[in-house]
Structure formats: structure tokens, C-alpha cells
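The structure under discussion appears below in the form of C-alpha cells.
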Amino acid sequence: MQQYITALSLKCRPMKLQWIAVVLVAWIFTGSCSKNLDQVPRSTATKEAIFGSEDGMKLYATSFYDVLPDLSNIYTVDGMADYSAVNSVPDLLRDGGLNSRTATGWDWKPLRNINYFIANCNDPKVSDASKANYIGLARFFRAWFYYDKVKRFGDVPWIGKPFEVGDPGLYAGRDPRTLIMDSIVADLDYAAANITLTKDPTCSQITKDVVNGFKSRVCLFEGTFRKYQTTWNLAGTADAWLKQAAAAAKAVMDGKAFSINQGSGTELSYRQLFISAAPVSSEIMLANIANTSLGVFNDATWWYASSTYGSRLSFTRKFINTYLNIDGTPFTSKDRYDTLPFVKETQGRDKRLQQTIRMGSYTRTSNGTTIAAPPVFSYVYTGYMPIKWSLDDTYYDNGKNSINAICLMRYAEILLNYAEAQAELGLLTDDDWSKTVGALRARAGITGGISAKPTVADPYLKNNYFPGITDPALLEIRRERGIELVLEGFRFNDLVRWKRGDLLVNSWNGMYVPALDVLMDLNGDGVNDVCFYKTLPATQVKGVTYINVSATVNGVKNPQLLSNDTYGEIHWLDNVPKKWADYKYLYPVPYTDLQLNPKLGQNQGWEQ
């Protein structure tokens, strides 16, 4: 059996194919593949097969990776972000769109699997160091599991052991947020002290640096949450969490195992991180990896290049305006920046812009032929069409067949975590700036403001995003976080911890249209791409997409209009009201779970 376990562990470990591990562990426990992993083992002999050898523990530990987001999760969750215009207003933002009867997320199955391992990893035949390593791995995933729960629900029950049927703990109430977060950090500290893996070229396993990187993420979230979400009366403890965030990030930085990817220059060095089949291991710390031979793919390209699949996510102009000029000055300091057409507003900007949206010289490949690829208005609403996760061959446009690795953690995030924590503590130095935000901007081709932190607040950022922030450096760190980490699943949680959920109800504005019935060339190649009209021209130009911006179409309110009726910015779905209230910073506990255990109680504001 040991040889069989070892062979499968070596085969499956680099990939997120946990279902294989789950089936095998269940088979070892019970002698039948029809049983579930979370069943109580029926004999000590089967338990010994797992906990009596390092190979057995290694195979079991593979099942923990189910806690991580799957291949299609990261790039889809930012449909709930202030910079995203999508095909419909999210339920959370619609009046009555979400309630406890439609709520989800109260799933505890992975926790029992983890707790069972921790409780039974005590066989004396295995060395203490080996047991501590695998317990550390289990505790890391327990911390990840609970962090997700706290972000979504706030107070939750702390369960530190595998409950048996009838255990009164199954029907206990929720524990306070403070206890849960302290327990998460205790798990992460144990993991950092005991996990033995220090480097993983595949970027698919948990190393010490991944643990510290995740701790910096958790502590930054909690520290800023406590500082700005004053309703919880925890502001007095915020700095302690921010210090832990900075220390954990600094541990990764001082280890020098990772660096900012420079690739083949600023033209590709950023986007290469998101379209490569093999993770760029100089910067990527943890990734979910596709595998052609095993039929494991993602649907990222299809998600962004379809009029019927995905949410037709496109960026708002308000967000695109935050990308700096290449010299480091704000784009919004330009005279009449707000009336520049798409082809001009995208020139001379932070080079991450051209690696994030379709613009300029971007091309794709179709059946081996290189083709121009301007924004396609049948795929997006605002004109700002994402390419960050999309592969450039049209072969990947029509199915779940994309082969790029999806990063779950990368060094750039750690640098930003450190910079933000230091800035929130009032400790950010010019040297800190140059090693973090400055380094990321230099990678993006920006030439100014690299070596020293800013001293003047950008009025556009302050007025449109963060009116309560006066520190110029903190404003710029928040700008940088939005741009560098866009579409990586962070934005909603960032808005939560900064208490800026109200940004989610802003209008979804798009590119500037100078007039009706004007053919517009979006990428400057001399070929017209789109035309906005109220009366469709009798003769239409081949290859041009015609967009009707009349107030009504066939008697129905048109969701796509121009801000000044016959010219101005595109506005999408202004006719569907969005509503924010502070109780929405937490989600409701599902109704069915409250019926099973009334002691859980409902989050405030969701009682009805």
C-alpha cells in the first residue's frame, strides 16, 4: 500500500486534483471508494495506514488543497467590484436581491477533514518533526478556511476538533471575531514554525514563504478592518495587527526567494504572470495549475471573450483614469482629460494598462494568422475590455480549454501589504517606497516618483475614492493596489476593510463618445471599429459594431446611453438602481442553517 500511496502522491501533488486524493484516502479508511472522507474510520488498522507513515500523511494532506479557490474562481469574483461593469447588477447591490433564503457559504465539510487529521496525527512511529510539518500544513489550511468565513460572516463558531454525531458543540452559537482571528494567527504561526518546505518551483505547494505571505494578507485585512470599521469597537487593537502584517511581509522580503518579474521588458513582464502555462516562479508564490494531459483547464479566455458566457465584465472609466501617465503624473491632471477619445486617452500611460485591456497595438492569433484586436462591444459595455487573464489565440474563446496557470499569491501583493501596513502605522520611509510601490511602477515603465514617497495628495483619488484619507503615500498605495492586483479577487474585500462599500453603487461609465453617427477607430490602425447611433444608418460599414443609445428600444428603457444624450461617456445600467447599506459588509447566515441551529443568530440588518 505504501508504494501505491507514494506513486499517487508524486503524480497528483503538483496539481489541484484533490478529488483523487479524497477517493484514495476514503478507500484506505474504509476499503471502499463509495465512502466519504469525512466518515469516522472504522478501525485503528486503517487509521495506521495513514498516520503510521509519512507517505500516508502526505497523501491525506493533498486533500487539504480543496480549500483553495478553484481554477475559475479568482478572475470571476471581481464582478463584485467598483471598477467592474457587468451584465446585471449583483444581488448584494439590488434592493431585495439577497436574503437569508438565497444566501450561501455556510459550508463546514472541509474543516472536519482538517481537524480529523490534526487530532489523529500522533503515531509514535513517525518522527515528531514530520508530524509537526503535516500538522502545520493542516493548520495553514484551517486558517485559510476560517479567514474566508470571517470575511463573509464575521462571528462564526470556532471548531478545533472533529465532532462526533450528537456532540453538543454542533449546536453551539457563534464565537466572537476576536477569538477566531486570534486562532487563525495561532495556526499560521505554528505553520510558519513547523512547515519544512522552503521552496517549490511548481508554485503549487505551501511553503514557509506562502504561510508568511498569507499571514500578511490576513493581518492587513484585520488591522485595517478594525481601524476603519469602527462599529465593531476594535480600533484600539488595529495597530497590533498592522505590525504583524508588516513583519510577516518583511519576512518574505528578507528571504529574497522572490522578486518582481522583469520578463522581456515592460511590454510583457506584467501580463506574462497571468497568461503563462507554467507559473513564473520568480514572482508567483502559489498557483492553481492547468494540465492538458489530465484535462484540467480554466475558462478565463471564454469568460472575457463571449457575449453569452461570463458576465461581459468591462472596466469603468473612473477606474481607468487612475492609471498614471508614463512620467508618473496623474492622467487626470491633463487638460480636458475627460473628453479624450479612447485611442488618445490610452497613449503614454502606465504600461500595465496595455497589458490589462485591449488597446493600441494589441493583436491576437486566429488559425495561425495575426489579427488586430480592438475592444469588441458585443463582449463589453464600456469599451475597456480586459485581457489580463485572456490568451491571445482565438482557439480558447469558445470553451473551458485555457491552459494558463492562475496565481493565488504573488510577491507583488506582499510588497503592497508591507507598504500599506507601514503607511497605516505612519512608518513608511522613502526606502520602503522605492522597494515596494516604486519597484512595481518601475516594472510598469513609469519614470517619475519611483525613489521617494509622494508629498502631495492627488485630488482625483481623494475626491472620487478616498475623501477621508489625507496621507499622499497611503492614497497612492491604494491606487497601486487597485491597478497591480486588478481582477485577482482582492477588490471587494479591500473595499470592505477600508469601509468604502458605497463605491460599489457608482455609475458604470465608459469611454467618451464625441458625437452620434461618428465612426470610431479604437486602436489607431486606420480601421473603424464602432459607431453610436439613435437612427441606424441605411448603409453600414462592414466590420463596424453599431450601438443604439436611444432612450428606449422597442418601447423598453435602453440600459446603454450617453451621459449628454448625443455625446459624452457611455453609461451602462443606470436604469437599474444599486443600493448600499453598511450591514452588507457581512453576508447573511443561510436560513436553513438558522433553522437547524437557532443559536447561530442572524447578522444585523439581515433579520428580515
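Every chain in the C-alpha cells takes a letter, A first, then B, and so on in the order presented; its residues are numbered from 1, and the ligands are numbered from 1 following the presented order.
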With a distance cut-off of 9 Å and only C-alpha atoms, select the neighbouring residues of Ile403 (chain A), excluding the residue or stretch itself and same-chain residues fewer than 2 positions from it, and output the selection as a ChimeraX atom specification.
/A:275-278,289-292,296-299,391,396,401,405
List every residue of region 467-530 of chain A that DSSP, applied to the backbone of this structure, places in helix (DSSP H, G or I), and write the result as a ChimeraX atom specification.
/A:472-484,491-497,501-505
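Each of A:Ala192, A:Ile50, A:Met409, A:Val185 was compared to Pro279 (chain A) using only C-alpha atoms, and A:Met409 turns out to be the nearest.
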What's the 12 Å shell around Lys334 (chain A), counting only C-alpha atoms, without same-chain residues fewer than 4 positions away, as an MDAnalysis selection string?
chainID A and resid 321 324:325 329:330 338:340 344:345 348:349 460
Could you give me, as a ChimeraX atom specification, each residue of region 178-376 of chain A that DSSP assigns to strand (DSSP E or B) when run on this structure's backbone?
/A:284-288,291,296,298,314-315,325,349,357,363-366,369-372
With C-alpha atoms retained, write the just-selected residues as a CSV table (one decimal), in the first residue's frame.
```csv
chain,number,residue,atom,x,y,z
A,284,ILE,CA,4.4,33.7,-8.3
A,285,MET,CA,4.3,32.1,-4.8
A,286,LEU,CA,1.2,29.9,-5.1
A,287,ALA,CA,-0.8,29.0,-8.2
A,288,ASN,CA,-3.6,26.7,-9.4
A,291,ASN,CA,-2.8,20.4,-17.1
A,296,VAL,CA,-7.6,20.3,-16.1
A,298,ASN,CA,-9.8,27.1,-16.9
A,314,SER,CA,-15.5,45.7,-18.6
A,315,PHE,CA,-13.8,48.4,-16.6
A,325,ASN,CA,1.0,58.9,-17.2
A,349,ARG,CA,0.2,55.7,-19.8
A,357,ILE,CA,-7.1,46.0,-21.6
A,363,THR,CA,-3.2,41.6,-31.6
A,364,ARG,CA,-4.4,38.1,-31.5
A,365,THR,CA,-3.9,34.9,-33.5
A,366,SER,CA,-6.7,33.2,-35.4
A,369,THR,CA,-2.9,34.5,-38.7
A,370,THR,CA,-2.2,37.6,-36.6
A,371,ILE,CA,-5.2,39.9,-36.5
A,372,ALA,CA,-5.9,43.3,-35.0
```
Using only C-alpha atoms, find the one residue out of A:Cys121, A:Ile135, A:Ala412, A:Met385 that sits nearest to Glu484 (chain A).
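Closest to Glu484 (chain A), using only C-alpha atoms: A:Ala412.
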Nearest candidate to Leu428 (chain A) (options A:Gly97, A:Pro472, A:Gly310, A:Pro201; using only C-alpha atoms):
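Of the candidates, the smallest distance to Leu428 (chain A) is held by A:Pro472.
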Neighbours of region 520-524 of chain A within 10 Å (only C-alpha atoms; same-chain residues fewer than 4 positions away dropped), as a PyMOL selection string?
chain A and resi 341-344+346+358-362+372-376+383+513-514+528-532+544-545
May I have the residues from that selection written out with C-alpha atoms, as a short mmCIF file (atom, residue, chain, number, x, y, z; two decimals), in the first residue's frame?
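Once everything was written out, this is out.cif:
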```cif
data_model
loop_
_atom_site.label_atom_id
_atom_site.label_comp_id
_atom_site.auth_asym_id
_atom_site.auth_seq_id
_atom_site.Cartn_x
_atom_site.Cartn_y
_atom_site.Cartn_z
CA PRO A 341 -11.34 59.67 -27.10
CA PHE A 342 -10.26 56.11 -26.35
CA VAL A 343 -7.41 55.98 -28.85
CA LYS A 344 -5.81 59.08 -27.31
CA THR A 346 -4.73 55.21 -23.69
CA ARG A 358 -7.38 45.76 -25.40
CA MET A 359 -5.84 48.91 -26.86
CA GLY A 360 -3.24 50.20 -29.28
CA SER A 361 -1.10 47.55 -30.97
CA TYR A 362 -2.68 44.55 -29.23
CA ALA A 372 -5.91 43.32 -34.98
CA ALA A 373 -7.90 43.10 -31.75
CA PRO A 374 -9.61 46.32 -30.67
CA PRO A 375 -12.29 46.24 -27.96
CA VAL A 376 -15.39 44.32 -29.06
CA GLY A 383 -15.09 49.86 -24.15
CA VAL A 513 -18.07 59.35 -27.45
CA PRO A 514 -17.71 62.75 -29.19
CA ASN A 528 -13.11 51.90 -37.88
CA ASP A 529 -14.50 49.72 -35.13
CA VAL A 530 -17.66 51.17 -33.57
CA CYS A 531 -20.39 53.74 -34.12
CA PHE A 532 -23.05 55.02 -31.71
CA VAL A 544 -18.12 48.23 -37.53
CA THR A 545 -20.25 47.45 -34.46
#
```
So the first atom is CA of Leu474 (chain A) and the second is CA of Thr237 (chain A); what is the distance between them in Å, to one decimal place?
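Calculated distance between CA of Leu474 (chain A) and CA of Thr237 (chain A) is 19.9 Å.
Shortest atom-to-atom contact with Asp393 (chain A) among A:Glu54, A:Trp302, A:Gly438, A:Asn417: A:Trp302, counting only C-alpha atoms.
Residue nearest Ala129 (chain A), chosen from A:Val89, A:Ala49, A:Ala103, A:Ala193 and counting only C-alpha atoms: A:Ala193.
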Please list as a PyMOL selection string every residue within 8 Å of Arg481 (chain A), counting only C-alpha atoms and excluding residues in the same chain fewer than 4 positions away.
chain A and resi 413+416+477+485-486
Counting only C-alpha atoms, which of A:Gly368, A:Ala473, A:Arg101, A:Pro69 gets nearest to Leu427 (chain A)?
A:Ala473
Pro577 (chain A): which residues within 9 Å, counting only C-alpha atoms, same-chain residues fewer than 4 positions away excluded, as a ChimeraX atom specification?
/A:89,93-95,505,573
Just the number, please: distance in Å from CA of Lys400 (chain A) to CA of Leu71 (chain A), one decimal.
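That distance, rounded to one decimal, is 10.4 Å.
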Residues of region 433-515 of chain A that approach region 150-154 of chain A to 10 Å or less, counting only C-alpha atoms: could you list each one with the shortest pair of atoms and its distance in Å to one decimal, rows by chain and increasing residue number, as a Markdown table?
```
| residue | atom | partner | partner_atom | distance |
| --- | --- | --- | --- | --- |
| A:Asn493 | CA | A:Lys151 | CA | 7.6 |
| A:Val496 | CA | A:Lys151 | CA | 8.8 |
| A:Arg497 | CA | A:Lys151 | CA | 9.4 |
```
List the spatial neighbours of Ser216 (chain A) as a list in words - criterion: any atom at most 8 Å away, only C-alpha atoms, same-chain residues fewer than 5 positions off excluded.
Gln244, Ala245, Ala246, Ala247, Ala248, Ala249, Ile414, Asn417 and Tyr418 of chain A
For the atom pair CA of Asn603 (chain A) and CA of Tyr591 (chain A), what is the interatomic distance in Å to one decimal place?
11.4 Å
